[in-house]
file run32.txt (compact mmCIF, C-alpha atoms)
# COMPACT_ATOMS: atom_id res chain seq x y z
CA MET A 278 -17.89 31.14 -13.02
CA THR A 279 -19.35 27.69 -13.54
CA SER A 280 -19.52 25.32 -10.59
CA SER A 281 -17.33 22.71 -12.30
CA TYR A 282 -14.01 22.46 -14.11
CA ALA A 283 -14.33 21.43 -17.75
CA PRO A 284 -13.06 17.85 -18.24
CA THR A 285 -10.35 17.47 -20.89
CA PRO A 286 -9.10 14.29 -22.58
CA ARG A 287 -6.14 14.47 -20.17
CA THR A 288 -8.31 14.63 -17.03
CA THR A 289 -11.08 12.24 -18.00
CA LEU A 290 -10.97 8.85 -16.29
CA LYS A 291 -11.06 6.00 -18.77
CA ARG A 292 -11.85 3.40 -16.13
CA LEU A 293 -14.12 3.70 -13.08
CA PRO A 294 -15.44 7.09 -14.25
CA LYS A 295 -17.81 7.21 -11.28
CA ARG A 296 -14.77 7.93 -9.09
CA GLY A 297 -14.05 11.13 -11.02
CA ALA A 298 -15.28 14.55 -9.93
CA PHE A 299 -14.92 17.96 -11.49
CA ASP A 300 -17.01 20.20 -9.25
CA ARG A 301 -15.14 23.09 -7.69
CA GLU A 302 -16.47 22.45 -4.21
CA THR A 303 -15.05 18.91 -4.07
CA VAL A 304 -11.74 20.04 -5.58
CA HIS A 305 -11.39 23.03 -3.23
CA ARG A 306 -12.21 20.97 -0.16
CA ILE A 307 -9.52 18.39 -0.96
CA LEU A 308 -6.95 21.08 -1.76
CA ASP A 309 -7.72 22.94 1.46
CA GLU A 310 -7.52 19.82 3.63
CA GLY A 311 -4.24 18.56 2.15
CA LEU A 312 -1.08 19.75 3.87
CA PHE A 313 1.42 19.20 1.07
CA CYS A 314 1.35 18.19 -2.56
CA HIS A 315 3.51 16.11 -4.88
CA LEU A 316 4.81 18.24 -7.72
CA GLY A 317 5.84 16.46 -10.92
CA PHE A 318 7.91 17.79 -13.81
CA ALA A 319 10.19 16.23 -16.39
CA VAL A 320 13.78 17.15 -17.25
CA GLU A 321 15.28 15.51 -20.33
CA GLY A 322 12.49 12.94 -20.33
CA GLN A 323 13.05 11.93 -16.71
CA PRO A 324 10.10 12.74 -14.44
CA TYR A 325 10.70 13.97 -10.90
CA VAL A 326 8.08 13.96 -8.16
CA LEU A 327 8.82 16.02 -5.06
CA PRO A 328 6.74 16.78 -1.97
CA THR A 329 6.18 20.47 -1.33
CA ILE A 330 3.89 22.84 0.57
CA TYR A 331 1.27 24.83 -1.33
CA ALA A 332 -1.74 27.08 -0.79
CA ARG A 333 -4.93 27.77 -2.67
CA VAL A 334 -6.22 31.32 -3.10
CA GLU A 335 -9.50 31.17 -5.00
CA GLU A 336 -8.64 29.64 -8.38
CA THR A 337 -4.84 29.78 -8.05
CA LEU A 338 -2.36 27.50 -6.31
CA PHE A 339 0.95 28.82 -5.01
CA VAL A 340 4.15 26.90 -4.30
CA HIS A 341 7.47 28.32 -3.18
CA GLY A 342 11.10 27.39 -2.99
CA SER A 343 14.58 28.78 -2.82
CA ALA A 344 15.49 31.29 -5.52
CA ALA A 345 18.72 29.26 -5.79
CA SER A 346 16.86 26.01 -6.57
CA ARG A 347 17.39 24.74 -10.09
CA MET A 348 14.00 23.05 -9.99
CA MET A 349 12.20 26.28 -9.16
CA GLY A 350 14.13 28.04 -11.91
CA SER A 351 13.14 25.42 -14.48
CA LEU A 352 9.50 25.50 -13.40
CA ALA A 353 9.43 29.30 -13.63
CA GLN A 354 10.34 28.94 -17.32
CA GLY A 355 6.90 27.43 -17.91
CA LEU A 356 7.69 23.70 -17.83
CA PRO A 357 4.50 21.61 -17.80
CA VAL A 358 3.76 20.39 -14.29
CA CYS A 359 1.39 18.05 -12.50
CA LEU A 360 0.45 18.95 -8.94
CA THR A 361 -1.25 16.13 -7.03
CA VAL A 362 -2.77 16.21 -3.55
CA THR A 363 -3.86 12.92 -1.96
CA LEU A 364 -5.74 12.37 1.29
CA LEU A 365 -5.76 8.84 2.64
CA ASP A 366 -9.02 8.01 4.43
CA GLY A 367 -8.75 4.31 5.12
CA LEU A 368 -7.80 0.79 4.17
CA VAL A 369 -10.42 -1.17 2.26
CA LEU A 370 -10.14 -4.80 3.33
CA ALA A 371 -12.12 -7.01 0.98
CA ARG A 372 -12.66 -10.76 1.19
CA SER A 373 -10.58 -11.24 -1.97
CA SER A 374 -7.07 -9.87 -2.41
CA PHE A 375 -8.18 -8.53 -5.79
CA HIS A 376 -10.75 -6.14 -4.33
CA HIS A 377 -8.50 -4.68 -1.65
CA SER A 378 -8.20 -0.95 -2.06
CA MET A 379 -7.86 2.33 -0.20
CA ASN A 380 -10.38 5.05 0.46
CA TYR A 381 -8.86 8.32 -0.64
CA ARG A 382 -9.55 11.70 -2.15
CA SER A 383 -7.11 13.15 -4.65
CA VAL A 384 -6.83 16.16 -6.93
CA VAL A 385 -4.66 16.37 -10.02
CA VAL A 386 -3.85 19.78 -11.52
CA LEU A 387 -2.16 20.00 -14.92
CA GLY A 388 -0.66 23.17 -16.32
CA LYS A 389 2.29 25.49 -16.46
CA ALA A 390 3.56 27.47 -13.50
CA GLN A 391 4.25 31.19 -13.68
CA GLU A 392 6.59 33.14 -11.49
CA VAL A 393 5.06 35.66 -9.10
CA THR A 394 7.34 38.69 -9.18
CA GLY A 395 5.65 41.64 -7.46
CA ALA A 396 6.79 42.05 -3.83
CA GLU A 397 3.27 42.56 -2.48
CA GLU A 398 1.87 39.64 -4.48
CA LYS A 399 4.74 37.44 -3.27
CA ARG A 400 4.11 38.47 0.29
CA ARG A 401 0.42 37.60 0.02
CA ALA A 402 1.24 34.22 -1.51
CA LEU A 403 3.77 33.41 1.22
CA ASP A 404 1.27 34.43 3.92
CA ALA A 405 -1.27 32.13 2.25
CA ILE A 406 1.22 29.23 2.31
CA VAL A 407 1.91 29.72 6.04
CA ASP A 408 -1.82 30.05 6.74
CA HIS A 409 -2.56 26.95 4.68
CA VAL A 410 -0.42 24.92 7.08
CA ALA A 411 -1.79 26.58 10.22
CA ALA A 412 -4.69 29.02 9.75
CA GLY A 413 -3.81 32.43 11.21
CA ARG A 414 -0.11 31.73 11.70
CA SER A 415 1.01 34.49 9.30
CA GLY A 416 -0.54 37.00 11.69
CA GLU A 417 1.61 35.98 14.65
CA ALA A 418 4.92 34.92 13.05
CA ARG A 419 7.51 37.48 11.98
CA GLY A 420 6.65 38.15 8.32
CA PRO A 421 9.09 37.92 5.42
CA ASN A 422 11.62 40.76 5.08
CA ASP A 423 13.05 42.07 1.80
CA LYS A 424 16.06 39.75 1.92
CA GLU A 425 13.85 36.69 2.45
CA LEU A 426 11.49 37.78 -0.33
CA LEU A 427 14.46 37.97 -2.71
CA ALA A 428 15.71 34.55 -1.59
CA THR A 429 12.31 32.95 -2.26
CA ARG A 430 10.78 32.11 -5.59
CA VAL A 431 6.99 31.89 -5.70
CA LEU A 432 5.15 30.14 -8.51
CA SER A 433 1.46 30.24 -9.33
CA LEU A 434 -0.55 27.54 -11.07
CA PRO A 435 -4.10 28.29 -12.24
CA LEU A 436 -6.89 25.84 -11.43
CA GLU A 437 -7.95 25.22 -15.01
CA GLU A 438 -7.23 21.63 -16.03
CA VAL A 439 -8.25 19.92 -12.81
CA SER A 440 -9.86 16.68 -11.72
CA ALA A 441 -10.62 14.96 -8.45
CA LYS A 442 -10.87 11.28 -7.74
CA VAL A 443 -12.66 9.89 -4.73
CA ARG A 444 -13.15 6.39 -3.35
CA THR A 445 -15.38 5.96 -0.33
CA GLY A 446 -17.37 3.23 1.31
CA PRO A 447 -17.05 -0.47 1.99
CA PRO A 448 -15.22 -3.07 -0.10
CA LEU A 449 -17.18 -4.53 -3.00
CA ASP A 450 -16.57 -8.24 -3.39
CA ASP A 451 -17.59 -10.68 -6.10
CA GLU A 452 -20.92 -12.33 -5.23
CA GLU A 453 -19.39 -15.77 -4.66
CA ASP A 454 -16.88 -14.37 -2.15
CA TYR A 455 -19.37 -13.02 0.39
CA SER A 456 -19.28 -16.36 2.17
CA TRP A 457 -15.47 -16.29 2.49
CA PRO A 458 -14.92 -16.56 6.28
CA VAL A 459 -12.79 -13.49 6.92
CA TRP A 460 -13.51 -10.07 8.38
CA ALA A 461 -14.11 -7.45 5.70
CA GLY A 462 -14.65 -3.74 5.99
CA VAL A 463 -12.82 -0.46 6.29
CA LEU A 464 -10.04 0.48 8.65
CA PRO A 465 -10.36 4.29 8.70
CA LEU A 466 -7.19 6.35 9.18
CA ARG A 467 -6.84 9.90 10.44
CA LEU A 468 -3.95 12.34 10.75
CA VAL A 469 -4.03 13.24 14.42
CA PRO A 470 -2.05 16.01 16.16
CA GLN A 471 0.19 14.77 18.97
CA PRO A 472 1.36 16.72 22.04
CA LEU A 473 3.25 19.90 21.13
CA VAL A 474 7.06 19.93 21.34
CA PRO A 475 8.28 23.43 22.28
CA GLU A 476 11.48 24.68 20.63
CA PRO A 477 14.31 24.26 23.19
CA ARG A 478 15.05 27.98 23.53
CA LEU A 479 11.39 28.99 23.85
CA ASP A 480 10.65 31.38 26.73
CA PRO A 481 8.63 29.09 29.05
CA THR A 482 6.17 31.90 29.80
CA ILE A 483 5.04 31.95 26.15
CA GLN A 484 1.94 29.85 25.63
CA PRO A 485 0.76 28.66 22.21
CA SER A 486 -2.10 30.68 20.78
CA PRO A 487 -5.38 29.18 19.49
CA VAL A 488 -3.69 29.10 16.05
CA VAL A 489 -1.60 26.24 17.44
CA THR A 490 -3.78 24.75 20.20
CA GLY A 491 -6.85 24.77 17.94
CA TRP A 492 -5.07 23.28 14.92
CA LYS A 493 -7.08 20.67 13.15
CA ARG A 494 -7.63 19.20 9.71
CA MET B 349 25.79 -5.63 -1.42
CA THR B 350 26.94 -2.31 -0.02
CA SER B 351 24.98 -0.66 2.76
CA SER B 352 24.19 2.43 0.68
CA TYR B 353 22.84 3.37 -2.74
CA ALA B 354 25.36 5.15 -4.96
CA PRO B 355 24.42 8.83 -5.34
CA THR B 356 24.06 10.01 -8.93
CA PRO B 357 23.91 13.58 -10.28
CA ARG B 358 20.13 13.13 -10.47
CA THR B 359 19.77 12.08 -6.82
CA THR B 360 22.31 14.41 -5.19
CA LEU B 361 20.83 17.34 -3.30
CA LYS B 362 22.26 20.65 -4.40
CA ARG B 363 20.90 22.53 -1.39
CA LEU B 364 20.68 21.38 2.26
CA PRO B 365 22.72 18.25 1.48
CA LYS B 366 22.63 17.26 5.16
CA ARG B 367 18.97 16.32 4.65
CA GLY B 368 19.93 13.71 2.07
CA ALA B 369 20.44 10.03 2.90
CA PHE B 370 21.45 7.09 0.76
CA ASP B 371 21.76 4.25 3.25
CA ARG B 372 19.60 1.25 2.54
CA GLU B 373 18.27 0.99 6.08
CA THR B 374 16.82 4.52 6.04
CA VAL B 375 15.39 4.03 2.55
CA HIS B 376 13.85 0.64 3.37
CA ARG B 377 12.32 1.90 6.60
CA ILE B 378 10.59 4.80 4.83
CA LEU B 379 9.37 2.57 1.99
CA ASP B 380 8.02 0.00 4.44
CA GLU B 381 6.20 2.56 6.57
CA GLY B 382 4.57 4.39 3.66
CA LEU B 383 1.16 3.10 2.58
CA PHE B 384 1.04 4.45 -0.96
CA CYS B 385 3.36 6.27 -3.34
CA HIS B 386 3.04 8.96 -5.96
CA LEU B 387 4.09 7.64 -9.34
CA GLY B 388 5.24 10.13 -11.95
CA PHE B 389 5.67 9.65 -15.69
CA ALA B 390 5.49 11.93 -18.72
CA VAL B 391 3.39 11.52 -21.88
CA GLU B 392 4.13 13.93 -24.73
CA GLY B 393 6.02 16.21 -22.36
CA GLN B 394 3.16 16.41 -19.85
CA PRO B 395 3.99 14.88 -16.46
CA TYR B 396 1.34 12.96 -14.55
CA VAL B 397 1.55 12.15 -10.84
CA LEU B 398 -0.86 9.53 -9.52
CA PRO B 399 -1.23 7.92 -6.09
CA THR B 400 -0.90 4.15 -6.07
CA ILE B 401 -0.20 1.25 -3.72
CA TYR B 402 3.18 -0.48 -3.84
CA ALA B 403 5.29 -3.03 -2.00
CA ARG B 404 8.99 -3.54 -1.43
CA VAL B 405 10.52 -7.02 -1.72
CA GLU B 406 14.22 -6.73 -0.95
CA GLU B 407 15.64 -4.43 -3.63
CA THR B 408 12.56 -4.32 -5.88
CA LEU B 409 9.38 -2.27 -5.73
CA PHE B 410 6.14 -3.58 -7.21
CA VAL B 411 3.10 -1.61 -8.34
CA HIS B 412 -0.01 -2.94 -9.99
CA GLY B 413 -2.98 -1.80 -12.00
CA SER B 414 -5.60 -2.89 -14.46
CA ALA B 415 -4.34 -4.66 -17.56
CA ALA B 416 -6.77 -2.36 -19.40
CA SER B 417 -5.14 0.80 -18.05
CA ARG B 418 -3.37 2.88 -20.67
CA MET B 419 -1.01 4.20 -18.02
CA MET B 420 0.10 0.72 -16.96
CA GLY B 421 0.58 -0.20 -20.61
CA SER B 422 2.78 2.83 -21.26
CA LEU B 423 4.83 2.21 -18.14
CA ALA B 424 5.33 -1.44 -19.09
CA GLN B 425 7.03 -0.21 -22.29
CA GLY B 426 9.90 1.11 -20.18
CA LEU B 427 8.91 4.76 -19.80
CA PRO B 428 11.14 6.54 -17.23
CA VAL B 429 9.31 6.89 -13.93
CA CYS B 430 9.77 8.56 -10.57
CA LEU B 431 8.24 6.83 -7.57
CA THR B 432 8.05 9.01 -4.46
CA VAL B 433 6.96 8.04 -0.94
CA THR B 434 6.49 10.80 1.65
CA LEU B 435 5.75 10.45 5.35
CA LEU B 436 4.60 13.60 7.13
CA ASP B 437 5.84 13.74 10.73
CA GLY B 438 4.89 17.20 11.88
CA LEU B 439 4.48 20.91 11.34
CA VAL B 440 7.55 23.02 12.11
CA LEU B 441 6.33 26.33 13.49
CA ALA B 442 9.18 28.82 13.56
CA ARG B 443 9.14 32.38 14.89
CA SER B 444 9.58 33.73 11.35
CA SER B 445 7.32 32.78 8.45
CA PHE B 446 10.46 32.15 6.41
CA HIS B 447 11.65 29.28 8.61
CA HIS B 448 8.35 27.45 8.78
CA SER B 449 8.68 23.92 7.46
CA MET B 450 7.49 20.36 7.88
CA ASN B 451 9.18 17.37 9.40
CA TYR B 452 9.03 14.57 6.88
CA ARG B 453 10.81 11.57 5.47
CA SER B 454 10.71 10.91 1.74
CA VAL B 455 12.24 8.51 -0.76
CA VAL B 456 12.60 9.16 -4.47
CA VAL B 457 13.23 6.24 -6.84
CA LEU B 458 14.17 6.91 -10.47
CA GLY B 459 14.22 4.28 -13.15
CA LYS B 460 12.28 2.30 -15.68
CA ALA B 461 9.57 -0.16 -14.79
CA GLN B 462 9.46 -3.68 -16.19
CA GLU B 463 6.42 -5.87 -16.54
CA VAL B 464 6.25 -8.98 -14.36
CA THR B 465 4.85 -11.72 -16.58
CA GLY B 466 5.26 -15.09 -14.86
CA ALA B 467 2.07 -16.20 -13.06
CA GLU B 468 3.91 -17.28 -9.90
CA GLU B 469 6.01 -14.13 -9.80
CA LYS B 470 2.88 -12.02 -10.31
CA ARG B 471 1.11 -13.86 -7.52
CA ARG B 472 4.00 -13.26 -5.14
CA ALA B 473 4.11 -9.56 -6.04
CA LEU B 474 0.34 -9.19 -5.51
CA ASP B 475 0.58 -10.96 -2.16
CA ALA B 476 3.39 -8.58 -1.22
CA ILE B 477 1.22 -5.57 -2.14
CA VAL B 478 -1.68 -6.80 0.02
CA ASP B 479 0.71 -7.60 2.88
CA HIS B 480 2.35 -4.19 2.54
CA VAL B 481 -0.98 -2.56 3.35
CA ALA B 482 -1.86 -5.00 6.17
CA ALA B 483 0.83 -7.49 7.16
CA GLY B 484 -0.46 -11.06 6.89
CA ARG B 485 -3.65 -10.20 5.02
CA SER B 486 -2.71 -12.24 1.93
CA GLY B 487 -2.88 -15.35 4.14
CA GLU B 488 -6.52 -14.83 5.09
CA ALA B 489 -8.06 -13.16 2.04
CA ARG B 490 -9.11 -15.22 -1.00
CA GLY B 491 -6.05 -15.13 -3.25
CA PRO B 492 -6.02 -14.06 -6.90
CA ASN B 493 -7.46 -16.54 -9.40
CA ASP B 494 -6.33 -16.96 -13.00
CA LYS B 495 -8.87 -14.49 -14.37
CA GLU B 496 -7.79 -11.83 -11.87
CA LEU B 497 -4.14 -12.46 -12.61
CA LEU B 498 -4.80 -11.87 -16.30
CA ALA B 499 -6.76 -8.70 -15.55
CA THR B 500 -3.90 -7.27 -13.49
CA ARG B 501 -0.65 -5.83 -14.74
CA VAL B 502 2.27 -5.92 -12.31
CA LEU B 503 5.34 -3.74 -12.77
CA SER B 504 8.68 -3.95 -11.01
CA LEU B 505 11.09 -1.11 -10.37
CA PRO B 506 14.58 -1.87 -9.09
CA LEU B 507 15.98 0.10 -6.14
CA GLU B 508 19.04 1.40 -7.92
CA GLU B 509 18.87 5.15 -8.35
CA VAL B 510 17.42 6.03 -4.96
CA SER B 511 17.66 8.80 -2.40
CA ALA B 512 15.99 9.68 0.86
CA LYS B 513 15.40 13.11 2.34
CA VAL B 514 14.69 13.64 6.02
CA ARG B 515 13.88 16.70 8.10
CA THR B 516 13.56 16.25 11.84
CA GLY B 517 13.78 18.36 14.95
CA PRO B 518 12.77 21.84 16.05
CA PRO B 519 12.55 24.98 13.91
CA LEU B 520 15.79 26.88 13.41
CA ASP B 521 15.27 30.64 13.54
CA ASP B 522 17.60 33.52 12.78
CA GLU B 523 19.40 34.65 15.94
CA GLU B 524 17.60 38.00 16.10
CA ASP B 525 14.18 36.29 15.99
CA TYR B 526 14.53 34.19 19.15
CA SER B 527 13.02 37.07 21.14
CA TRP B 528 9.94 37.24 18.88
CA PRO B 529 7.05 36.70 21.33
CA VAL B 530 5.29 33.75 19.73
CA TRP B 531 5.17 30.06 20.52
CA ALA B 532 7.59 28.06 18.38
CA GLY B 533 8.13 24.33 18.12
CA VAL B 534 6.81 21.24 16.44
CA LEU B 535 3.23 20.02 16.14
CA PRO B 536 3.76 16.28 15.53
CA LEU B 537 1.24 14.46 13.36
CA ARG B 538 0.44 10.76 13.29
CA LEU B 539 -1.72 8.56 11.11
CA VAL B 540 -3.98 6.86 13.64
CA PRO B 541 -6.39 3.95 13.01
CA GLN B 542 -10.01 4.73 13.88
CA PRO B 543 -12.73 2.24 14.93
CA LEU B 544 -13.30 -0.49 12.31
CA VAL B 545 -16.31 -0.25 9.99
CA PRO B 546 -17.57 -3.76 9.10
CA GLU B 547 -18.81 -4.34 5.55
CA PRO B 548 -22.65 -4.26 5.66
CA ARG B 549 -23.10 -7.90 4.59
CA LEU B 550 -20.46 -9.25 6.99
CA ASP B 551 -21.57 -12.26 9.03
CA PRO B 552 -21.73 -10.72 12.54
CA THR B 553 -20.15 -13.82 14.06
CA ILE B 554 -16.90 -13.16 12.15
CA GLN B 555 -14.40 -11.28 14.26
CA PRO B 556 -11.39 -9.44 12.78
CA SER B 557 -8.14 -11.34 13.15
CA PRO B 558 -4.95 -9.87 14.67
CA VAL B 559 -3.99 -8.88 11.09
CA VAL B 560 -6.70 -6.25 11.38
CA THR B 561 -6.98 -5.58 15.11
CA GLY B 562 -3.21 -5.35 15.48
CA TRP B 563 -2.70 -3.11 12.45
CA LYS B 564 -0.22 -0.35 13.01
CA ARG B 565 2.30 1.80 11.21
call {"tool": "encode", "arguments": {"input": "run32.txt", "output": "C-alpha cells"}}
result
Amino acid sequence: MTSSYAPTPRTTLKRLPKRGAFDRETVHRILDEGLFCHLGFAVEGQPYVLPTIYARVEETLFVHGSAASRMMGSLAQGLPVCLTVTLLDGLVLARSSFHHSMNYRSVVVLGKAQEVTGAEEKRRALDAIVDHVAAGRSGEARGPNDKELLATRVLSLPLEEVSAKVRTGPPLDDEEDYSWPVWAGVLPLRLVPQPLVPEPRLDPTIQPSPVVTGWKR
Amino acid sequence: MTSSYAPTPRTTLKRLPKRGAFDRETVHRILDEGLFCHLGFAVEGQPYVLPTIYARVEETLFVHGSAASRMMGSLAQGLPVCLTVTLLDGLVLARSSFHHSMNYRSVVVLGKAQEVTGAEEKRRALDAIVDHVAAGRSGEARGPNDKELLATRVLSLPLEEVSAKVRTGPPLDDEEDYSWPVWAGVLPLRLVPQPLVPEPRLDPTIQPSPVVTGWKR
C-alpha cells in the first residue's frame, strides 16, 4: 500500500494547494482524533448534512444508524456520500479583517457506502464505533444482542477518494498592515473534558475505570 | 414574526421527534455559539461537505469565500445547500453499547444561497463574520478595502427552512441493564481557550484588547 491517497480532480484543491494533504498518516490522525463527522448526501437534488459518530478500521470508515431510518436505507442503496471530519485548533486573528481565519484540520472522504450485513462483521464495526468515542469502552459495556444488531444498520465507506486540509500557524498579513496597532496572533482552542456526571441511578460504589478517567483526545 | 420556524416534511424528524426543536430562540442560540458550519452542496450528483465560517444577522446567515472559488460561484447560482452547525456537549456513556450516544445541539438550514452584491451590504456581512468569531473584532482590525471586497464573494441564506436537534441529559439504559457493573453517565466536553500565541512580528508593547482577552463561547 502506498503511503498516500491518489489525488483526483474532485479532491484536488484549486486554491491554496499547500493546505492540501494526501498522506495516510495525516488523514488517519485527523480521523482518529475527531469524535463525530458530518455526513452529506443528496435526495432529489437537495443536500443534507447530518452529524454522526463513526470509526476508522484500517482503510474503512463505519457509520451506524437505526434500521428504521430512511436516511440509512437510502445510503445503503449506494447513494454518493461525502463524509467530513473537522478539528478546530484555534482562531487566527490578523491585523486586517480580510486575513482572519481559523486553524483547523479536516478530512473529506468521497464515495459510496455499502451495508455491512454479517452479524460478526456488524458486531466488530459497532465495537469499533464505541471504542472510537472512548478507547476500551466496548470491553466493559454490555455488548449488542441479536435484537439490537437487527435494529441497527451499519454502513462502510472505503478510504479511497480522500483528502485532508490543514491550516496552522500565525496570521499572515499584507506587508503594509504590520504596523496596524492591534494585537495579532492565534487564540488556540481545545476540547477539554469536564468533571464526570454520574447517571442518577448509578450504584455509588461503582467507580469509573481508566477507560473513562483516562479519556483524552 | 412567529416565535418558531414552520416545520416542513424535509425538516421533520421521523424518529425521536422529542429531540427536534423549531423555536427561533433555540435555533439562534446554537447558531450564535457555533464557530463554523459544514456547508453541503451537490455537483453532478456528488455531495460535498466543507467547513466554513458564517455569521447570523437576524434571520439571515452569511458565508464568504474567494471570488475565484468555483464552489462559491456555483453556490451563487442558486444551488440548493444545507448548512449545518453542531455543538458537541459531551459523551453519553451508557451501560450497554447500544445506548451510547453524544450530547449535542445542532441546527440544519435548507435553502438556496443568494449573492450579496452591494458594497455596503458586503462590508456589513464581512464585519458580522469577523464579529461572529470574536465579538467586537471588526472594530479594531483594519477593515476590508475595495480590492478585498472585490476578491471576496458573500452569500446569504435565509433562515426559513430550519430545524434544531438537541440531546441532553444522562444515558437511558434498558431496565435489565441498570445492574450491569460499569460506570455510566456523561463526560461533558467544552471548547476552552488556551494561552494566546502572539504573531512573531507583533510589537511587544501591544497588548490584546478585551475583544481577545475576554473571548468566550
call {"tool": "residues_around", "arguments": {"input": "run32.txt", "residues": "Ser454 of chain B", "least_positions_apart": "6", "cutoff": "12 Å", "atoms": "all atoms listed in the file", "output": "MDAnalysis selection string"}}
result
(chainID A and resid 315 326:329) or (chainID B and resid 367:370 374:382 384:386 431:437 510:516)
call {"tool": "write_last_selection", "arguments": {"input": "run32.txt", "atoms": "C-alpha atoms", "output": "short mmCIF file (atom, residue, chain, number, x, y, z; two decimals), keeping the file's coordinate frame"}}
result
data_model
loop_
_atom_site.label_atom_id
_atom_site.label_comp_id
_atom_site.auth_asym_id
_atom_site.auth_seq_id
_atom_site.Cartn_x
_atom_site.Cartn_y
_atom_site.Cartn_z
CA HIS A 315 3.51 16.11 -4.88
CA VAL A 326 8.08 13.96 -8.16
CA LEU A 327 8.82 16.02 -5.06
CA PRO A 328 6.74 16.78 -1.97
CA THR A 329 6.18 20.47 -1.33
CA ARG B 367 18.97 16.32 4.65
CA GLY B 368 19.93 13.71 2.07
CA ALA B 369 20.44 10.03 2.90
CA PHE B 370 21.45 7.09 0.76
CA THR B 374 16.82 4.52 6.04
CA VAL B 375 15.39 4.03 2.55
CA HIS B 376 13.85 0.64 3.37
CA ARG B 377 12.32 1.90 6.60
CA ILE B 378 10.59 4.80 4.83
CA LEU B 379 9.37 2.57 1.99
CA ASP B 380 8.02 0.00 4.44
CA GLU B 381 6.20 2.56 6.57
CA GLY B 382 4.57 4.39 3.66
CA PHE B 384 1.04 4.45 -0.96
CA CYS B 385 3.36 6.27 -3.34
CA HIS B 386 3.04 8.96 -5.96
CA LEU B 431 8.24 6.83 -7.57
CA THR B 432 8.05 9.01 -4.46
CA VAL B 433 6.96 8.04 -0.94
CA THR B 434 6.49 10.80 1.65
CA LEU B 435 5.75 10.45 5.35
CA LEU B 436 4.60 13.60 7.13
CA ASP B 437 5.84 13.74 10.73
CA VAL B 510 17.42 6.03 -4.96
CA SER B 511 17.66 8.80 -2.40
CA ALA B 512 15.99 9.68 0.86
CA LYS B 513 15.40 13.11 2.34
CA VAL B 514 14.69 13.64 6.02
CA ARG B 515 13.88 16.70 8.10
CA THR B 516 13.56 16.25 11.84
#
call {"tool": "residues_around", "arguments": {"input": "run32.txt", "residues": "Gly413 of chain A", "least_positions_apart": "3", "cutoff": "10 Å", "atoms": "only C-alpha atoms", "output": "PyMOL selection string"}}
result
chain A and resi 404-405+407-410+416-418+486-489+492
call {"tool": "atom_distance", "arguments": {"input": "run32.txt", "atom1": "atom CA of Thr490 of chain A", "atom2": "atom CA of Val440 of chain B"}}
result
14.0 Å
call {"tool": "closest_residue", "arguments": {"input": "run32.txt", "among": "A:Glu437, A:Asp480, A:Glu398, A:Glu425", "to": "Ser281 of chain A", "atoms": "all atoms listed in the file"}}
result
A:Glu437
call {"tool": "closest_residue", "arguments": {"input": "run32.txt", "among": "B:Lys362, B:Gly438, B:Val464, B:Ile401", "to": "Pro472 of chain A", "atoms": "only C-alpha atoms"}}
result
B:Gly438
call {"tool": "closest_residue", "arguments": {"input": "run32.txt", "among": "B:Met419, B:Gly562, B:Leu497, B:Phe389", "to": "chain A", "atoms": "only C-alpha atoms"}}
result
B:Phe389
call {"tool": "atom_distance", "arguments": {"input": "run32.txt", "atom1": "atom CA of Leu441 of chain B", "atom2": "atom CA of Leu520 of chain B"}}
result
9.5 Å
call {"tool": "residues_around", "arguments": {"input": "run32.txt", "residues": "Pro541 of chain B", "least_positions_apart": "3", "cutoff": "7 Å", "atoms": "only C-alpha atoms", "output": "number ranges by chain"}}
result
A: 464-467
call {"tool": "residues_around", "arguments": {"input": "run32.txt", "residues": "segment 338-345 of chain A", "least_positions_apart": "5", "cutoff": "7 Å", "atoms": "only C-alpha atoms", "output": "PyMOL selection string"}}
result
chain A and resi 330-333+402+428-435
call {"tool": "residues_around", "arguments": {"input": "run32.txt", "residues": "Val391 of chain B", "least_positions_apart": "2", "cutoff": "10 Å", "atoms": "all atoms listed in the file", "output": "PyMOL selection string"}}
result
(chain A and resi 319+322) or (chain B and resi 389+393-396+419+422+427)
call {"tool": "closest_residue", "arguments": {"input": "run32.txt", "among": "A:Gln391, A:Ser373, A:Asn422, A:Asn380", "to": "chain B", "atoms": "all atoms listed in the file"}}
result
A:Ser373
call {"tool": "build_atoms", "arguments": {"input": "run32.txt", "residues": "segment 437-445 of chain A", "atoms": "N, CA and C atoms", "output": "PDB file, in the frame of the given file"}}
result
ATOM      1  N   GLU A 437      -7.209  25.262 -13.750  1.00  0.00           N
ATOM      2  CA  GLU A 437      -7.950  25.220 -15.010  1.00  0.00           C
ATOM      3  C   GLU A 437      -8.198  23.783 -15.450  1.00  0.00           C
ATOM      4  N   GLU A 438      -7.091  23.032 -15.612  1.00  0.00           N
ATOM      5  CA  GLU A 438      -7.230  21.630 -16.030  1.00  0.00           C
ATOM      6  C   GLU A 438      -7.087  20.782 -14.762  1.00  0.00           C
ATOM      7  N   VAL A 439      -8.217  20.450 -14.178  1.00  0.00           N
ATOM      8  CA  VAL A 439      -8.250  19.920 -12.810  1.00  0.00           C
ATOM      9  C   VAL A 439      -9.236  18.762 -12.733  1.00  0.00           C
ATOM     10  N   SER A 440      -8.884  17.730 -11.985  1.00  0.00           N
ATOM     11  CA  SER A 440      -9.860  16.680 -11.720  1.00  0.00           C
ATOM     12  C   SER A 440      -9.645  16.130 -10.322  1.00  0.00           C
ATOM     13  N   ALA A 441     -10.703  15.622  -9.756  1.00  0.00           N
ATOM     14  CA  ALA A 441     -10.620  14.960  -8.450  1.00  0.00           C
ATOM     15  C   ALA A 441     -10.992  13.503  -8.631  1.00  0.00           C
ATOM     16  N   LYS A 442     -10.503  12.687  -7.719  1.00  0.00           N
ATOM     17  CA  LYS A 442     -10.870  11.280  -7.740  1.00  0.00           C
ATOM     18  C   LYS A 442     -11.142  10.878  -6.293  1.00  0.00           C
ATOM     19  N   VAL A 443     -12.231  10.191  -6.088  1.00  0.00           N
ATOM     20  CA  VAL A 443     -12.660   9.890  -4.730  1.00  0.00           C
ATOM     21  C   VAL A 443     -13.109   8.448  -4.649  1.00  0.00           C
ATOM     22  N   ARG A 444     -12.581   7.710  -3.667  1.00  0.00           N
ATOM     23  CA  ARG A 444     -13.150   6.390  -3.350  1.00  0.00           C
ATOM     24  C   ARG A 444     -13.612   6.423  -1.914  1.00  0.00           C
ATOM     25  N   THR A 445     -14.862   6.020  -1.686  1.00  0.00           N
ATOM     26  CA  THR A 445     -15.380   5.960  -0.330  1.00  0.00           C
ATOM     27  C   THR A 445     -16.138   4.649  -0.163  1.00  0.00           C
TER      28      THR A 445
END
